[in-house]
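S.K.: My structure is stored as structure35.pdb, with PDB, C-alpha atoms and all ligand atoms.
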MODEL        1
ATOM      1  CA  MET A   1      30.553 -12.101   3.660  1.00  0.00           C
ATOM      2  CA  THR A   2      32.231 -14.873   1.657  1.00  0.00           C
ATOM      3  CA  ASP A   3      34.231 -15.187  -1.530  1.00  0.00           C
ATOM      4  CA  GLU A   4      32.779 -18.612  -2.303  1.00  0.00           C
ATOM      5  CA  ARG A   5      31.241 -18.593  -5.790  1.00  0.00           C
ATOM      6  CA  ARG A   6      31.638 -14.804  -6.066  1.00  0.00           C
ATOM      7  CA  HIS A   7      32.247 -15.083  -9.787  1.00  0.00           C
ATOM      8  CA  GLU A   8      28.917 -16.855 -10.343  1.00  0.00           C
ATOM      9  CA  ARG A   9      27.171 -14.126  -8.349  1.00  0.00           C
ATOM     10  CA  SER A  10      28.651 -11.321 -10.460  1.00  0.00           C
ATOM     11  CA  GLY A  11      27.566 -13.184 -13.592  1.00  0.00           C
ATOM     12  CA  MET A  12      24.060 -13.476 -12.164  1.00  0.00           C
ATOM     13  CA  VAL A  13      23.974  -9.754 -11.345  1.00  0.00           C
ATOM     14  CA  GLU A  14      25.109  -8.673 -14.799  1.00  0.00           C
ATOM     15  CA  THR A  15      23.169 -11.045 -17.049  1.00  0.00           C
ATOM     16  CA  GLN A  16      19.978 -11.703 -15.060  1.00  0.00           C
ATOM     17  CA  LEU A  17      19.532  -8.430 -13.195  1.00  0.00           C
ATOM     18  CA  ARG A  18      21.293  -5.392 -14.660  1.00  0.00           C
ATOM     19  CA  ALA A  19      20.697  -6.492 -18.276  1.00  0.00           C
ATOM     20  CA  ARG A  20      16.973  -6.782 -17.523  1.00  0.00           C
ATOM     21  CA  GLY A  21      16.633  -3.354 -16.008  1.00  0.00           C
ATOM     22  CA  VAL A  22      17.306  -3.722 -12.283  1.00  0.00           C
ATOM     23  CA  ALA A  23      19.059  -0.397 -11.645  1.00  0.00           C
ATOM     24  CA  ASP A  24      19.179   0.164  -7.864  1.00  0.00           C
ATOM     25  CA  GLU A  25      22.896  -0.122  -7.081  1.00  0.00           C
ATOM     26  CA  ARG A  26      22.251  -1.036  -3.443  1.00  0.00           C
ATOM     27  CA  VAL A  27      20.070  -3.951  -4.547  1.00  0.00           C
ATOM     28  CA  LEU A  28      22.648  -5.100  -7.097  1.00  0.00           C
ATOM     29  CA  ALA A  29      25.414  -4.912  -4.478  1.00  0.00           C
ATOM     30  CA  ALA A  30      23.399  -6.972  -1.981  1.00  0.00           C
ATOM     31  CA  MET A  31      22.680  -9.605  -4.637  1.00  0.00           C
ATOM     32  CA  ALA A  32      26.415  -9.734  -5.459  1.00  0.00           C
ATOM     33  CA  GLU A  33      27.307 -10.244  -1.776  1.00  0.00           C
ATOM     34  CA  VAL A  34      24.786 -12.715  -0.335  1.00  0.00           C
ATOM     35  CA  PRO A  35      25.799 -16.361  -0.986  1.00  0.00           C
ATOM     36  CA  ARG A  36      22.590 -17.764  -2.493  1.00  0.00           C
ATOM     37  CA  HIS A  37      23.964 -21.317  -2.449  1.00  0.00           C
ATOM     38  CA  TRP A  38      24.026 -21.337   1.371  1.00  0.00           C
ATOM     39  CA  PHE A  39      20.218 -21.134   1.360  1.00  0.00           C
ATOM     40  CA  LEU A  40      19.554 -24.190  -0.812  1.00  0.00           C
ATOM     41  CA  ASP A  41      18.711 -27.736   0.126  1.00  0.00           C
ATOM     42  CA  ASP A  42      21.929 -28.699  -1.650  1.00  0.00           C
ATOM     43  CA  PRO A  43      24.522 -25.905  -1.214  1.00  0.00           C
ATOM     44  CA  SER A  44      26.784 -27.560  -3.772  1.00  0.00           C
ATOM     45  CA  SER A  45      24.087 -27.377  -6.463  1.00  0.00           C
ATOM     46  CA  ALA A  46      25.454 -26.290  -9.833  1.00  0.00           C
ATOM     47  CA  ASP A  47      22.156 -24.439 -10.344  1.00  0.00           C
ATOM     48  CA  ALA A  48      22.485 -22.194  -7.279  1.00  0.00           C
ATOM     49  CA  TYR A  49      22.923 -19.067  -9.456  1.00  0.00           C
ATOM     50  CA  ALA A  50      20.669 -20.187 -12.311  1.00  0.00           C
ATOM     51  CA  ASP A  51      17.854 -18.048 -13.669  1.00  0.00           C
ATOM     52  CA  ARG A  52      15.010 -19.872 -11.920  1.00  0.00           C
ATOM     53  CA  PRO A  53      13.409 -20.767  -8.596  1.00  0.00           C
ATOM     54  CA  LEU A  54      14.868 -23.793  -6.783  1.00  0.00           C
ATOM     55  CA  PRO A  55      13.518 -26.276  -4.216  1.00  0.00           C
ATOM     56  CA  ILE A  56      14.203 -25.672  -0.509  1.00  0.00           C
ATOM     57  CA  GLY A  57      12.244 -28.629   0.906  1.00  0.00           C
ATOM     58  CA  GLU A  58       8.692 -28.874   2.294  1.00  0.00           C
ATOM     59  CA  ARG A  59       7.432 -28.344  -1.307  1.00  0.00           C
ATOM     60  CA  GLN A  60       8.539 -24.699  -1.114  1.00  0.00           C
ATOM     61  CA  THR A  61      10.944 -22.761  -3.341  1.00  0.00           C
ATOM     62  CA  ILE A  62      13.551 -20.016  -3.191  1.00  0.00           C
ATOM     63  CA  SER A  63      12.456 -17.379  -5.714  1.00  0.00           C
ATOM     64  CA  GLN A  64      14.308 -16.704  -8.976  1.00  0.00           C
ATOM     65  CA  PRO A  65      17.080 -14.097  -8.476  1.00  0.00           C
ATOM     66  CA  TYR A  66      15.358 -11.647 -10.835  1.00  0.00           C
ATOM     67  CA  MET A  67      12.139 -11.891  -8.814  1.00  0.00           C
ATOM     68  CA  VAL A  68      13.976 -11.269  -5.527  1.00  0.00           C
ATOM     69  CA  ALA A  69      15.791  -8.261  -7.007  1.00  0.00           C
ATOM     70  CA  SER A  70      12.706  -6.733  -8.672  1.00  0.00           C
ATOM     71  CA  MET A  71      10.502  -7.060  -5.608  1.00  0.00           C
ATOM     72  CA  THR A  72      13.237  -5.549  -3.454  1.00  0.00           C
ATOM     73  CA  GLU A  73      13.782  -2.695  -5.890  1.00  0.00           C
ATOM     74  CA  LEU A  74      10.043  -1.901  -5.850  1.00  0.00           C
ATOM     75  CA  LEU A  75      10.277  -1.317  -2.083  1.00  0.00           C
ATOM     76  CA  GLY A  76      12.742   1.543  -2.679  1.00  0.00           C
ATOM     77  CA  LEU A  77      14.604   0.943   0.584  1.00  0.00           C
ATOM     78  CA  THR A  78      17.100   3.575   1.786  1.00  0.00           C
ATOM     79  CA  GLY A  79      18.551   1.822   4.832  1.00  0.00           C
ATOM     80  CA  ALA A  80      16.412   3.333   7.606  1.00  0.00           C
ATOM     81  CA  GLU A  81      13.310   1.145   7.288  1.00  0.00           C
ATOM     82  CA  ARG A  82      11.678  -1.464   9.462  1.00  0.00           C
ATOM     83  CA  VAL A  83      10.557  -4.182   7.051  1.00  0.00           C
ATOM     84  CA  LEU A  84       8.031  -7.000   7.461  1.00  0.00           C
ATOM     85  CA  GLU A  85       8.456 -10.061   5.235  1.00  0.00           C
ATOM     86  CA  ILE A  86       5.764 -12.744   4.983  1.00  0.00           C
ATOM     87  CA  GLY A  87       7.147 -16.145   3.873  1.00  0.00           C
ATOM     88  CA  THR A  88      10.709 -16.536   5.178  1.00  0.00           C
ATOM     89  CA  GLY A  89      11.236 -19.762   3.228  1.00  0.00           C
ATOM     90  CA  SER A  90      14.977 -20.262   2.837  1.00  0.00           C
ATOM     91  CA  GLY A  91      15.767 -16.834   4.309  1.00  0.00           C
ATOM     92  CA  TYR A  92      17.480 -15.667   1.108  1.00  0.00           C
ATOM     93  CA  GLN A  93      15.131 -12.746   0.466  1.00  0.00           C
ATOM     94  CA  THR A  94      15.383 -11.948   4.193  1.00  0.00           C
ATOM     95  CA  ALA A  95      19.178 -11.736   3.891  1.00  0.00           C
ATOM     96  CA  ILE A  96      18.914  -9.346   0.935  1.00  0.00           C
ATOM     97  CA  LEU A  97      16.469  -7.141   2.871  1.00  0.00           C
ATOM     98  CA  SER A  98      18.711  -7.195   5.941  1.00  0.00           C
ATOM     99  CA  ARG A  99      21.516  -5.530   3.922  1.00  0.00           C
ATOM    100  CA  LEU A 100      19.206  -2.756   2.701  1.00  0.00           C
ATOM    101  CA  ALA A 101      17.064  -1.847   5.725  1.00  0.00           C
ATOM    102  CA  ALA A 102      17.495  -1.161   9.446  1.00  0.00           C
ATOM    103  CA  GLU A 103      15.470  -4.088  10.759  1.00  0.00           C
ATOM    104  CA  VAL A 104      13.716  -7.067   9.205  1.00  0.00           C
ATOM    105  CA  PHE A 105      10.856  -9.008  10.787  1.00  0.00           C
ATOM    106  CA  THR A 106      10.007 -12.228   8.956  1.00  0.00           C
ATOM    107  CA  VAL A 107       7.169 -14.716   9.453  1.00  0.00           C
ATOM    108  CA  GLU A 108       7.070 -18.320   8.173  1.00  0.00           C
ATOM    109  CA  ARG A 109       4.344 -20.916   8.742  1.00  0.00           C
ATOM    110  CA  ILE A 110       6.592 -23.991   8.437  1.00  0.00           C
ATOM    111  CA  ALA A 111       8.787 -24.318  11.544  1.00  0.00           C
ATOM    112  CA  THR A 112      11.508 -26.455   9.925  1.00  0.00           C
ATOM    113  CA  LEU A 113      12.081 -23.848   7.203  1.00  0.00           C
ATOM    114  CA  SER A 114      12.203 -21.028   9.742  1.00  0.00           C
ATOM    115  CA  GLY A 115      14.737 -22.977  11.811  1.00  0.00           C
ATOM    116  CA  ARG A 116      17.009 -23.568   8.829  1.00  0.00           C
ATOM    117  CA  ALA A 117      16.722 -19.941   7.724  1.00  0.00           C
ATOM    118  CA  ARG A 118      17.650 -18.820  11.236  1.00  0.00           C
ATOM    119  CA  ALA A 119      20.847 -20.888  11.142  1.00  0.00           C
ATOM    120  CA  VAL A 120      21.971 -19.576   7.744  1.00  0.00           C
ATOM    121  CA  LEU A 121      21.175 -15.963   8.692  1.00  0.00           C
ATOM    122  CA  ALA A 122      23.283 -16.390  11.840  1.00  0.00           C
ATOM    123  CA  ARG A 123      26.143 -17.709   9.748  1.00  0.00           C
ATOM    124  CA  LEU A 124      26.214 -14.679   7.395  1.00  0.00           C
ATOM    125  CA  PRO A 125      25.835 -13.002   9.894  1.00  0.00           C
ATOM    126  CA  ALA A 126      22.624 -10.959   9.636  1.00  0.00           C
ATOM    127  CA  THR A 127      22.032  -9.512  13.097  1.00  0.00           C
ATOM    128  CA  ASN A 128      19.119  -7.174  12.334  1.00  0.00           C
ATOM    129  CA  VAL A 129      16.612  -9.948  11.591  1.00  0.00           C
ATOM    130  CA  ARG A 130      13.865 -11.369  13.801  1.00  0.00           C
ATOM    131  CA  LEU A 131      12.072 -14.552  12.837  1.00  0.00           C
ATOM    132  CA  ARG A 132       8.706 -15.865  13.930  1.00  0.00           C
ATOM    133  CA  VAL A 133       6.734 -19.015  13.128  1.00  0.00           C
ATOM    134  CA  GLY A 134       3.024 -18.514  12.450  1.00  0.00           C
ATOM    135  CA  ASP A 135       0.368 -17.383  10.008  1.00  0.00           C
ATOM    136  CA  GLY A 136       1.810 -14.283   8.379  1.00  0.00           C
ATOM    137  CA  THR A 137      -1.589 -13.200   7.053  1.00  0.00           C
ATOM    138  CA  ALA A 138      -2.003 -11.721  10.551  1.00  0.00           C
ATOM    139  CA  GLY A 139       1.277  -9.793  10.204  1.00  0.00           C
ATOM    140  CA  TRP A 140       3.282  -9.036  13.378  1.00  0.00           C
ATOM    141  CA  PRO A 141       1.037  -6.599  15.295  1.00  0.00           C
ATOM    142  CA  GLU A 142       3.377  -6.192  18.288  1.00  0.00           C
ATOM    143  CA  GLU A 143       6.088  -4.727  16.053  1.00  0.00           C
ATOM    144  CA  ALA A 144       3.881  -2.590  13.776  1.00  0.00           C
ATOM    145  CA  PRO A 145       3.995  -0.158  12.061  1.00  0.00           C
ATOM    146  CA  PHE A 146       6.328  -1.195   9.230  1.00  0.00           C
ATOM    147  CA  ASP A 147       7.727   1.151   6.582  1.00  0.00           C
ATOM    148  CA  ALA A 148       7.760  -1.668   4.052  1.00  0.00           C
ATOM    149  CA  VAL A 149       5.916  -4.993   3.778  1.00  0.00           C
ATOM    150  CA  LEU A 150       6.894  -7.742   1.339  1.00  0.00           C
ATOM    151  CA  VAL A 151       4.731 -10.819   0.775  1.00  0.00           C
ATOM    152  CA  THR A 152       6.687 -13.617  -0.926  1.00  0.00           C
ATOM    153  CA  ALA A 153       3.810 -16.072  -1.448  1.00  0.00           C
ATOM    154  CA  ALA A 154       0.765 -15.849  -3.745  1.00  0.00           C
ATOM    155  CA  THR A 155      -2.269 -14.288  -2.103  1.00  0.00           C
ATOM    156  CA  PRO A 156      -5.885 -13.955  -3.308  1.00  0.00           C
ATOM    157  CA  GLY A 157      -5.875 -10.393  -1.951  1.00  0.00           C
ATOM    158  CA  VAL A 158      -3.729  -8.229   0.297  1.00  0.00           C
ATOM    159  CA  PRO A 159      -4.468  -9.429   3.855  1.00  0.00           C
ATOM    160  CA  PRO A 160      -6.174  -6.549   5.736  1.00  0.00           C
ATOM    161  CA  ALA A 161      -3.868  -6.948   8.754  1.00  0.00           C
ATOM    162  CA  LEU A 162      -0.857  -6.146   6.578  1.00  0.00           C
ATOM    163  CA  LEU A 163      -2.456  -2.877   5.428  1.00  0.00           C
ATOM    164  CA  ASP A 164      -3.346  -2.064   9.051  1.00  0.00           C
ATOM    165  CA  GLN A 165       0.295  -2.535  10.011  1.00  0.00           C
ATOM    166  CA  LEU A 166       1.709  -0.424   7.177  1.00  0.00           C
ATOM    167  CA  ALA A 167       3.135   2.978   8.171  1.00  0.00           C
ATOM    168  CA  ASP A 168       2.377   6.273   6.403  1.00  0.00           C
ATOM    169  CA  PRO A 169       4.406   6.788   4.326  1.00  0.00           C
ATOM    170  CA  GLY A 170       4.778   3.114   3.542  1.00  0.00           C
ATOM    171  CA  VAL A 171       5.034   0.608   0.721  1.00  0.00           C
ATOM    172  CA  LEU A 172       3.723  -2.943   0.328  1.00  0.00           C
ATOM    173  CA  VAL A 173       4.566  -5.414  -2.453  1.00  0.00           C
ATOM    174  CA  ALA A 174       2.690  -8.697  -2.971  1.00  0.00           C
ATOM    175  CA  PRO A 175       1.879 -11.232  -5.715  1.00  0.00           C
ATOM    176  CA  VAL A 176      -1.931 -11.042  -5.947  1.00  0.00           C
ATOM    177  CA  GLY A 177      -3.975 -13.537  -7.951  1.00  0.00           C
ATOM    178  CA  ASP A 178      -5.063 -17.180  -7.941  1.00  0.00           C
ATOM    179  CA  ARG A 179      -3.080 -20.327  -7.143  1.00  0.00           C
ATOM    180  CA  ILE A 180      -1.749 -20.587 -10.704  1.00  0.00           C
ATOM    181  CA  VAL A 181      -0.621 -17.081 -11.635  1.00  0.00           C
ATOM    182  CA  GLN A 182      -0.447 -13.677  -9.979  1.00  0.00           C
ATOM    183  CA  ASP A 183       0.241 -10.006 -10.701  1.00  0.00           C
ATOM    184  CA  LEU A 184       2.975  -8.292  -8.745  1.00  0.00           C
ATOM    185  CA  VAL A 185       1.200  -5.416  -6.993  1.00  0.00           C
ATOM    186  CA  ARG A 186       2.637  -2.417  -5.156  1.00  0.00           C
ATOM    187  CA  ILE A 187       0.634  -0.248  -2.797  1.00  0.00           C
ATOM    188  CA  ARG A 188       2.177   3.076  -1.843  1.00  0.00           C
ATOM    189  CA  ARG A 189       0.694   4.911   1.121  1.00  0.00           C
ATOM    190  CA  GLU A 190       1.224   8.649   1.350  1.00  0.00           C
ATOM    191  CA  ARG A 191      -0.677  11.220   3.436  1.00  0.00           C
ATOM    192  CA  GLY A 192      -3.498   8.830   4.183  1.00  0.00           C
ATOM    193  CA  ARG A 193      -3.973   7.705   0.577  1.00  0.00           C
ATOM    194  CA  ASP A 194      -3.152   4.291  -0.892  1.00  0.00           C
ATOM    195  CA  ARG A 195      -2.125   4.110  -4.532  1.00  0.00           C
ATOM    196  CA  ARG A 196      -2.036   0.724  -6.217  1.00  0.00           C
ATOM    197  CA  GLU A 197       0.083  -0.209  -9.240  1.00  0.00           C
ATOM    198  CA  THR A 198       0.427  -3.521 -11.074  1.00  0.00           C
ATOM    199  CA  PHE A 199       3.756  -4.601 -12.527  1.00  0.00           C
ATOM    200  CA  PHE A 200       4.213  -8.047 -14.091  1.00  0.00           C
ATOM    201  CA  ARG A 201       2.845 -11.571 -14.081  1.00  0.00           C
ATOM    202  CA  CYS A 202       4.495 -13.987 -11.660  1.00  0.00           C
ATOM    203  CA  VAL A 203       4.160 -17.465 -10.174  1.00  0.00           C
ATOM    204  CA  PHE A 204       4.564 -18.032  -6.427  1.00  0.00           C
ATOM    205  CA  VAL A 205       3.711 -20.856  -4.043  1.00  0.00           C
ATOM    206  CA  PRO A 206       0.463 -20.096  -2.181  1.00  0.00           C
ATOM    207  CA  LEU A 207       0.133 -18.061   0.998  1.00  0.00           C
ATOM    208  CA  VAL A 208      -1.774 -20.507   3.183  1.00  0.00           C
ATOM    209  CA  GLY A 209      -3.655 -19.013   6.099  1.00  0.00           C
ATOM    210  CA  ALA A 210      -6.694 -17.268   7.513  1.00  0.00           C
ATOM    211  CA  ASP A 211      -6.516 -14.445   4.941  1.00  0.00           C
ATOM    212  CA  GLY A 212      -4.716 -16.436   2.244  1.00  0.00           C
ATOM    213  CA  PHE A 213      -5.632 -19.711   0.499  1.00  0.00           C
ATOM    214  CA  PRO A 214      -7.147 -22.646   2.379  1.00  0.00           C
ATOM    215  CA  GLU A 215      -4.736 -25.499   3.144  1.00  0.00           C
ATOM    216  CA  ASP A 216      -6.328 -28.188   0.973  1.00  0.00           C
ATOM    217  CA  SER A 217      -7.583 -26.479  -2.209  1.00  0.00           C
TER     218      SER A 217
HETATM  219  N1  LIG A 301      11.269 -15.486   0.443  1.00  0.00           N
HETATM  220  C1  LIG A 301      11.487 -16.901   0.282  1.00  0.00           C
HETATM  221  C2  LIG A 301      10.486 -17.499  -0.682  1.00  0.00           C
HETATM  222  C3  LIG A 301       9.744 -18.569   0.017  1.00  0.00           C
HETATM  223  S1  LIG A 301       8.375 -19.275  -0.833  1.00  0.00           S
HETATM  224  C4  LIG A 301      12.907 -17.217  -0.111  1.00  0.00           C
HETATM  225  O1  LIG A 301      13.650 -16.296  -0.467  1.00  0.00           O
HETATM  226  O2  LIG A 301      13.307 -18.376  -0.029  1.00  0.00           O
HETATM  227  C5  LIG A 301       7.056 -18.705   0.210  1.00  0.00           C
HETATM  228  C6  LIG A 301       7.091 -19.127   1.641  1.00  0.00           C
HETATM  229  O3  LIG A 301       5.894 -18.641   2.246  1.00  0.00           O
HETATM  230  C7  LIG A 301       7.108 -20.631   1.889  1.00  0.00           C
HETATM  231  O4  LIG A 301       8.203 -20.940   2.695  1.00  0.00           O
HETATM  232  C8  LIG A 301       5.787 -20.889   2.625  1.00  0.00           C
HETATM  233  O5  LIG A 301       5.873 -21.915   3.597  1.00  0.00           O
HETATM  234  C9  LIG A 301       5.520 -19.551   3.254  1.00  0.00           C
HETATM  235  N2  LIG A 301       4.128 -19.308   3.643  1.00  0.00           N
HETATM  236  C10 LIG A 301       3.012 -19.730   3.025  1.00  0.00           C
HETATM  237  N3  LIG A 301       1.926 -19.287   3.678  1.00  0.00           N
HETATM  238  C11 LIG A 301       2.373 -18.567   4.753  1.00  0.00           C
HETATM  239  C12 LIG A 301       1.733 -17.851   5.823  1.00  0.00           C
HETATM  240  N4  LIG A 301       0.401 -17.760   5.951  1.00  0.00           N
HETATM  241  N5  LIG A 301       2.522 -17.237   6.732  1.00  0.00           N
HETATM  242  C13 LIG A 301       3.871 -17.295   6.641  1.00  0.00           C
HETATM  243  N6  LIG A 301       4.523 -17.952   5.666  1.00  0.00           N
HETATM  244  C14 LIG A 301       3.791 -18.581   4.724  1.00  0.00           C
ENDMDL
END
Show me this structure written as structure tokens.
M.R.:
Amino acid sequence: MTDERRHERSGMVETQLRARGVADERVLAAMAEVPRHWFLDDPSSADAYADRPLPIGERQTISQPYMVASMTELLGLTGAERVLEIGTGSGYQTAILSRLAAEVFTVERIATLSGRARAVLARLPATNVRLRVGDGTAGWPEEAPFDAVLVTAATPGVPPALLDQLADPGVLVAPVGDRIVQDLVRIRRERGRDRRETFFRCVFVPLVGADGFPEDS
């Protein structure tokens, strides 16, 4: 992909991810490969590989590396899946998913962010990604079903359309809670049954849409 700042990425993988229990070698390899700094507002930022979320414009953020890695690990991807991501943002999480699955479909409500993400993904290149601008709480019905669904913005509940578009077997991960703090939730569907587990507390920007939070609250 690129050797730029490779050393910082390996440091990030060892100290922020492996040391904290991220164990999926495919996830760790993807995090070591994808140049996170390309996805920032300021690609020369000294903080590109720091242990925290960073601004990407439009009052949105690129998630902390540990959050990206943990959410991805919870999906348990093998390489064959069709994945739906809600909240493209910078496209960084999309790029990680694109290395670990067959196809990635990603929806973003802010057109400027989607446009910038598209350009960076083309530069990588990530050729198995399709981007769409719109309200992701409605999913992407034309491309359903999806083996995995990842919501990367805080939602008051799992939008029903996303459960409708989940395959069986399938897995969905989302931060569910209020605007301030959420719980990372995983729903695993198997033989017609959905099992729900809660992992850890997290803080995401809100999912704004018909089945998310209202724009102005
Ligand atoms: N995965 C991103 C994180 C982006 S933050 C990354 O790696 O950079 C969450 C994103 O969700 C923001 O870009 C926000 O604009 C977007 N978002 C919020 N509500 C949305 C909705 N209803 N549909 C699609 N995207 C939404």
S.K.: Would you please work out which residue, of A:Pro65, A:Pro43, A:Gly170, A:Pro145, is nearest to ligand LIG 301 (chain A) when using only C-alpha atoms and all ligand atoms?
M.R.: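 Residue with the minimum atom-to-atom distance to ligand LIG 301 (chain A): A:Pro65.
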S.K.: Ligand LIG 301 (chain A): which residues are within 7 Å, counting only C-alpha atoms and all ligand atoms? Reply as a PyMOL selection string.
M.R.: chain A and resi 60-63+86-94+107-110+113+134-137+152-153+204-209+212
S.K.: Residues picked by the PyMOL selection byres (((chain A and resi 8-23) around 7) and not hetatm) here, as a list of chain:residue names?
M.R.: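 Applying the expression gives A:Arg5, A:Arg6, A:His7, A:Asp24, A:Glu25, A:Leu28, A:Met31, A:Ala32, A:Tyr49, A:Asp51, A:Tyr66, A:Ser70.
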S.K.: Distance atom CA of A:Gly192-atom CA of A:Pro169, one decimal place?
M.R.: 8.2 Å
S.K.: Determine, for each residue of stretch 46-125 of chain A having at least one atom at most 12 Å from an atom of stretch 176-186 of chain A, the closest pair of atoms and their separation in Å to one decimal, counting only C-alpha atoms; order by chain and ascending number, as CSV.
M.R.:
residue,atom,partner,partner_atom,distance
A:Met67,CA,A:Leu184,CA,9.8
A:Val68,CA,A:Leu184,CA,11.8
A:Ser70,CA,A:Leu184,CA,9.9
A:Met71,CA,A:Leu184,CA,8.2
A:Thr72,CA,A:Arg186,CA,11.2
A:Glu73,CA,A:Arg186,CA,11.2
A:Leu74,CA,A:Arg186,CA,7.5
A:Leu75,CA,A:Arg186,CA,8.3
A:Gly76,CA,A:Arg186,CA,11.1
S.K.: Which of these residues is nearest to A:Ala210, using only C-alpha atoms: A:Leu100, A:Val158, A:Ala48, A:Met1?
M.R.: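 Among A:Leu100, A:Val158, A:Ala48, A:Met1, it is A:Val158 that comes nearest to A:Ala210.
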S.K.: Name the closest residue to A:Leu121 among the candidates A:Ala174, A:Leu97, A:Ala138, A:Val133; distances are taken between atoms, counting all atoms listed in the file.
M.R.: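 Selected residue with least distance to A:Leu121: A:Leu97.
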S.K.: Exactly which residues make up the result of the PyMOL selection byres (((chain A and resi 104) around 12) and not hetatm) on this file, given as a CSV table (one decimal) with C-alpha atoms, in the frame of the given file?
M.R.:
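Once everything was written out, this is expr-v1.csv:
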chain,number,residue,atom,x,y,z
A,77,LEU,CA,14.6,0.9,0.6
A,79,GLY,CA,18.6,1.8,4.8
A,80,ALA,CA,16.4,3.3,7.6
A,81,GLU,CA,13.3,1.1,7.3
A,82,ARG,CA,11.7,-1.5,9.5
A,83,VAL,CA,10.6,-4.2,7.1
A,84,LEU,CA,8.0,-7.0,7.5
A,85,GLU,CA,8.5,-10.1,5.2
A,86,ILE,CA,5.8,-12.7,5.0
A,88,THR,CA,10.7,-16.5,5.2
A,91,GLY,CA,15.8,-16.8,4.3
A,93,GLN,CA,15.1,-12.7,0.5
A,94,THR,CA,15.4,-11.9,4.2
A,95,ALA,CA,19.2,-11.7,3.9
A,96,ILE,CA,18.9,-9.3,0.9
A,97,LEU,CA,16.5,-7.1,2.9
A,98,SER,CA,18.7,-7.2,5.9
A,99,ARG,CA,21.5,-5.5,3.9
A,100,LEU,CA,19.2,-2.8,2.7
A,101,ALA,CA,17.1,-1.8,5.7
A,102,ALA,CA,17.5,-1.2,9.4
A,103,GLU,CA,15.5,-4.1,10.8
A,105,PHE,CA,10.9,-9.0,10.8
A,106,THR,CA,10.0,-12.2,9.0
A,107,VAL,CA,7.2,-14.7,9.5
A,121,LEU,CA,21.2,-16.0,8.7
A,126,ALA,CA,22.6,-11.0,9.6
A,127,THR,CA,22.0,-9.5,13.1
A,128,ASN,CA,19.1,-7.2,12.3
A,129,VAL,CA,16.6,-9.9,11.6
A,130,ARG,CA,13.9,-11.4,13.8
A,131,LEU,CA,12.1,-14.6,12.8
A,132,ARG,CA,8.7,-15.9,13.9
A,140,TRP,CA,3.3,-9.0,13.4
A,143,GLU,CA,6.1,-4.7,16.1
A,144,ALA,CA,3.9,-2.6,13.8
A,146,PHE,CA,6.3,-1.2,9.2
A,147,ASP,CA,7.7,1.2,6.6
A,148,ALA,CA,7.8,-1.7,4.1
A,149,VAL,CA,5.9,-5.0,3.8
A,150,LEU,CA,6.9,-7.7,1.3
S.K.: In Å, rounded to a single decimal, give me how far atom CA of A:Arg123 is from atom CA of A:Val151.
M.R.: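 Atom CA of A:Arg123 lies 24.2 Å from atom CA of A:Val151.
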S.K.: Between atom CA of A:Pro53 and atom CA of A:Gly157, measure the distance and give it in Å to one decimal.
M.R.: 22.9 Å
S.K.: With all atoms of stretch 82-89 of chain A from the file as input, state the centre and edge lengths in Å to one decimal of the axis-aligned box that has 6 Å extra on each side, as JSON.
M.R.:
{"center_x": 8.7, "center_y": -10.6, "center_z": 6.3, "size_x": 17.9, "size_y": 30.3, "size_z": 18.2}
